[in-house]
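Enquirer: Take a look at the following structure, please.
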Amino acid sequence: MVHSLLAALFSLILYSSSMAELTRFFHPAKSDGTLSLLAIGDWGRNGTFNQSLVAYQMGMIGEELDIDFIISVGDNFYESGLRDVDDISFEESFCKIYTAKSLQKQWYSVLGNHDYRGNVMAQLDPILKQIDSRWLCMRSFIVDAEIANFFFLDTTPFVKKYWKNPKKNQYDWREVAPRKRYISSLLKELEIALGESAATWKIVIGHHTLRSVSEHGETPELVKLLLPMLINYGVDIYINGHDHCLQHISSTDSFIHFLTSGGGSKAWRGIIMPTMENLQFFYDGQGFVSLQLSSTDAEIKFYNVFGDVLHQWKITKEFYDYIV
Ligand SMILES: *[C@@H]1O[C@H](CO)[C@@H](O)[C@H](O)[C@H]1NC(C)=O
Ligand SMILES: *[C@@H]1O[C@H](CO)[C@@H](O)[C@H](O)[C@H]1NC(C)=O
């Protein structure tokens with residue numbers, strides 16, 4: 001009795017100390033304090049479905065904006081993530097595709113649901129950095145880029161239906177299951193980190209949608225568990241993929257802008273359910289998004305495979321003028 005009680009206590013202590021803290025990376029802004037970056041999602045298809053065209057234009061725009069890094073919002077390798085660390089898809093879909101000089105920067109990547117259908121441990125393995133030094137993929141982490149803090153979140157475990165039908169698709173839940181414990185620990189850590197963030201711009205990245213008018217629509221688990229926290233802590237932008245299109249949706253109950261950058265390869269699904277009054281922009285084809293941040297402005301642009309700007313706008317934090 002005493003024994004098992006002690007054992008239970010001990011495992012509780014072990015468990016609480018093993019709760020992974022959100023790893024933090026520091027990425028300096030430019031010397032003038034600004035920052036620019038690209039975000040791309042749903043891409044790894046050996047260059048097919050216009051992946052190479054998107055990559056080419058990312059290279060051009062990346063040069064023009066002198067980007068500091070690139071964000072991948074997940075579904076990095078189709079159809080089922082990586083098989084192992086020697087999977088040729090890593091080279092065929094990443095190294096040999098994003099070859100432009102301006103794209104030889106740090107990539108910060110999260111996992112999508114398709115990545116979870118493969119060997120997640122392989123995709124997260126730091127050994128991939130030896131094949132391509134740009135690669136960094138983790139479940140959840142923070143990039144502190146001075147004027148902006150980026151919170152990268154592992155959203156796949158939130159979605160209940162992925163847990164329910166293991167016959168349809170196998171998901172690699174190693175180091176994740178049980179779901180509830182994983183999610184509550186992640187949300188707890190995120191809340192602390194958001195509360196501590198003093199950056200002008202708080203940007204959250206996850207594979208799954210919060211707001212979307214396309215095929216997948218909203219992700220109810222995220223709307224319920226994550227969105228209230230983002231509103232509470234004044235998050236400015238949420239960037240996701242999952243729906244293979246480009247979207248900008250604003251809010252009436254907060255200042256959050258919802259961006260979908262899921263046009264990295266296979267697009268043109270022709271699904272739009274324009275029920276949302278806050279829909280600012282929707283494009284069903286391939287493309288990507290750029291963010292240019294300064295201490296007062298965030299300028300956001302969506303591009304197609306020709307490098308045309310399809311939609312752009314600026315968020316200004318005017319109150320900053322009279323604080324400083
Ligand atoms: C990419 O090419 C590899 C090697 O030929 C193949 O195994 C993989 O299925 C391809 N991926 C896609 C998405 O076509
Ligand atoms: C590639 O992009 C062009 C221009 O947007 C489009 O017409 C074409 O259908 C795309 N190809 C595929 C396979 O999606």
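Chain lettering (A, B, ...) mirrors the order of the structure tokens, residue numbering begins at 1 for each chain separately, and ligand numbering begins at 1 in order of display.
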Taking only residues of chain A that have an atom at most 7 Å from an atom of ligand 2, what is each one's shortest atom pair and its distance in Å to one decimal, using only C-alpha atoms and all ligand atoms, in chain and number order, as JSON lines?

Expert:
{"residue": "A:Phe49", "atom": "CA", "partner": "ligand 2", "partner_atom_place_in_ligand_line": "13 (C)", "distance": 4.0}
{"residue": "A:Asn50", "atom": "CA", "partner": "ligand 2", "partner_atom_place_in_ligand_line": "1 (C)", "distance": 5.0}
{"residue": "A:Lys266", "atom": "CA", "partner": "ligand 2", "partner_atom_place_in_ligand_line": "14 (O)", "distance": 5.8}
{"residue": "A:Ala267", "atom": "CA", "partner": "ligand 2", "partner_atom_place_in_ligand_line": "14 (O)", "distance": 5.8}
{"residue": "A:Trp268", "atom": "CA", "partner": "ligand 2", "partner_atom_place_in_ligand_line": "14 (O)", "distance": 6.4}
{"residue": "A:Gly285", "atom": "CA", "partner": "ligand 2", "partner_atom_place_in_ligand_line": "5 (O)", "distance": 6.0}
{"residue": "A:Gln286", "atom": "CA", "partner": "ligand 2", "partner_atom_place_in_ligand_line": "5 (O)", "distance": 6.5}
{"residue": "A:Asn304", "atom": "CA", "partner": "ligand 2", "partner_atom_place_in_ligand_line": "5 (O)", "distance": 6.9}
{"residue": "A:Val305", "atom": "CA", "partner": "ligand 2", "partner_atom_place_in_ligand_line": "5 (O)", "distance": 5.9}

Enquirer: Restricting it to N, CA, C and O atoms, dump the selection as a tab-separated table (two decimals), in the first residue's frame.

Expert:
chain	number	residue	atom	x	y	z
A	49	PHE	N	2.30	19.27	-59.22
A	49	PHE	CA	1.16	20.13	-58.87
A	49	PHE	C	1.60	21.57	-58.60
A	49	PHE	O	1.13	22.21	-57.67
A	50	ASN	N	2.51	22.04	-59.45
A	50	ASN	CA	3.00	23.42	-59.37
A	50	ASN	C	3.85	23.71	-58.14
A	50	ASN	O	4.15	24.88	-57.87
A	266	LYS	N	-0.81	20.85	-54.44
A	266	LYS	CA	-2.10	20.46	-55.03
A	266	LYS	C	-3.24	21.38	-54.54
A	266	LYS	O	-3.55	21.39	-53.36
A	267	ALA	N	-3.82	22.12	-55.46
A	267	ALA	CA	-4.90	23.02	-55.07
A	267	ALA	C	-6.10	22.83	-56.00
A	267	ALA	O	-6.32	21.72	-56.50
A	268	TRP	N	-6.83	23.88	-56.23
A	268	TRP	CA	-7.96	23.86	-57.16
A	268	TRP	C	-9.01	22.82	-56.80
A	268	TRP	O	-9.48	22.07	-57.65
A	285	GLY	N	-6.32	28.59	-55.87
A	285	GLY	CA	-5.15	28.02	-56.53
A	285	GLY	C	-3.90	28.02	-55.66
A	285	GLY	O	-3.97	28.27	-54.45
A	286	GLN	N	-2.75	27.73	-56.29
A	286	GLN	CA	-1.49	27.66	-55.56
A	286	GLN	C	-0.94	29.06	-55.25
A	286	GLN	O	-1.22	30.01	-55.99
A	304	ASN	N	0.26	34.44	-56.18
A	304	ASN	CA	-0.03	33.22	-56.95
A	304	ASN	C	1.26	32.67	-57.57
A	304	ASN	O	2.36	33.16	-57.28
A	305	VAL	N	1.15	31.68	-58.44
A	305	VAL	CA	2.34	31.03	-59.03
A	305	VAL	C	3.08	31.92	-60.03
A	305	VAL	O	4.14	31.56	-60.51

Enquirer: I'd like the neighbourhood of Asp284 (chain A) as a compact mmCIF listing (two decimals) with C-alpha atoms, in the first residue's frame, where a residue qualifies if any of its atoms comes within 8 Å (using only C-alpha atoms), though same-chain residues fewer than 4 positions away should be ignored.

Expert:
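Printed below is part.txt as written:
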# COMPACT_ATOMS: atom_id res chain seq x y z
CA HIS A 244 -5.37 23.87 -50.06
CA CYS A 245 -6.04 27.48 -50.87
CA LEU A 246 -5.25 31.03 -49.80
CA ALA A 267 -4.90 23.02 -55.07
CA TRP A 268 -7.96 23.86 -57.16
CA ARG A 269 -10.45 21.83 -55.16
CA GLY A 270 -13.22 24.23 -56.07
CA ILE A 271 -14.74 24.20 -52.62

Enquirer: Show me which residues sit within 8 Å of ligand 1 when counting only C-alpha atoms and all ligand atoms, and put them as a list in words.

Expert: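 Protein and nucleic-acid residues within 8 Å of ligand 1: Gly44, Arg45, Asn46, Thr48, Phe77, Tyr78, Glu79, Ile88, Ser89, Glu92 and Ser93 of chain A.
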
Enquirer: Pick the closest to Gly47 (chain A) from A:Phe282, A:Phe255, A:Tyr98, A:Trp107: which is it, counting only C-alpha atoms?

Expert: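 Going through A:Phe282, A:Phe255, A:Tyr98, A:Trp107 one by one, the smallest distance to Gly47 (chain A) is for A:Tyr98.
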
Enquirer: I'd like the interatomic distance between CA of Lys96 (chain A) and CA of Phe25 (chain A), to a tenth of an Å.

Expert: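 Value for the CA of Lys96 (chain A)-CA of Phe25 (chain A) distance: 26.1 Å.
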
Enquirer: Measuring atom to atom with only C-alpha atoms, identify which of A:Gly74, A:Gly287, A:Gly263, A:Pro220 is nearest to Ser140 (chain A).

Expert: A:Gly74

Enquirer: Run DSSP on the backbone and tell me which residues of region 98-145 of chain A come out as helix (DSSP H, G or I); list them as a list in words.

Expert: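 In region 98-145 of chain A, DSSP puts these residues in helix (DSSP H, G or I): Lys101, Ser102, Leu103, Asp115, Tyr116, Arg117, Val120, Met121, Ala122, Gln123, Leu124, Leu128, Lys129, Gln130 and Ile131 of chain A.
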
Enquirer: Out of A:Tyr283, A:Ile300, A:Glu146, A:Gln130, which residue has the shortest atom-to-atom distance to Ser31 (chain A) when counting only C-alpha atoms?

Expert: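 Among A:Tyr283, A:Ile300, A:Glu146, A:Gln130, it is A:Glu146 that comes nearest to Ser31 (chain A).
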
Enquirer: For region 119-123 of chain A, work out the shell of residues within 8 Å, counting only C-alpha atoms and skipping chain neighbours fewer than 3 positions away, then give it as JSON, numbers by chain.

Expert: {"A": [81, 82, 83, 84, 85, 115, 116, 128, 137, 172]}

Enquirer: Can those selected residues be exported to a file as a compact mmCIF listing (two decimals), in the first residue's frame so that it contains C-alpha atoms?

Expert:
# COMPACT_ATOMS: atom_id res chain seq x y z
CA GLY A 81 5.06 12.17 -44.07
CA LEU A 82 8.51 10.56 -44.08
CA ARG A 83 9.08 6.81 -43.88
CA ASP A 84 12.43 7.16 -42.12
CA VAL A 85 15.32 9.63 -42.04
CA ASP A 115 2.97 14.04 -41.63
CA TYR A 116 1.38 12.12 -38.75
CA LEU A 128 17.83 15.77 -41.08
CA CYS A 137 10.68 20.72 -37.46
CA ASP A 172 1.83 8.00 -35.30

Enquirer: Between A:Ser102, A:Asn240, A:Ser109, A:Ser254, which residue has the minimum interatomic distance to Phe288 (chain A), considering only C-alpha atoms?

Expert: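 For Phe288 (chain A), the nearest of the given residues is A:Asn240.
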
Enquirer: Here is a test: counting only C-alpha atoms, which residue of A:Glu215, A:Glu175, A:Asp236, A:Asp125 is nearest to Ala199 (chain A)?

Expert: A:Asp236

Enquirer: Would you give me, as number ranges by chain, the residues in region 80-257 of chain A that DSSP reads as strand (DSSP E or B)?

Expert: A: 106-109, 137, 141-145, 148-153, 201-206, 237-240, 246-249, 257

Enquirer: Out of A:Ile97, A:Asp87, A:Lys168, A:Ser80, which residue has the shortest atom-to-atom distance to Gly59 (chain A) when counting only C-alpha atoms?

Expert: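 Selected residue with least distance to Gly59 (chain A): A:Ile97.
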
Enquirer: What does the distance from CA of Tyr303 (chain A) to CA of Ser265 (chain A) come to in Å, to one decimal?

Expert: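 Atom-to-atom, CA of Tyr303 (chain A) and CA of Ser265 (chain A) are spaced 13.4 Å apart.
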
Enquirer: Need to verify the contact set: Val176 (chain A), 12 Å, only C-alpha atoms, exclusion of same-chain residues closer than 4 positions in sequence. Can you return it as a list in words?

Expert: Met19, Ala20, Tyr116, Val120, Met121, Arg139, Ser140, Asp154, Thr155, Thr156, Pro157, Phe158, Trp163, Tyr171, Asp172, Lys180, Arg181, Tyr182, Ile183, Ser184, Ser185 and Leu186 of chain A
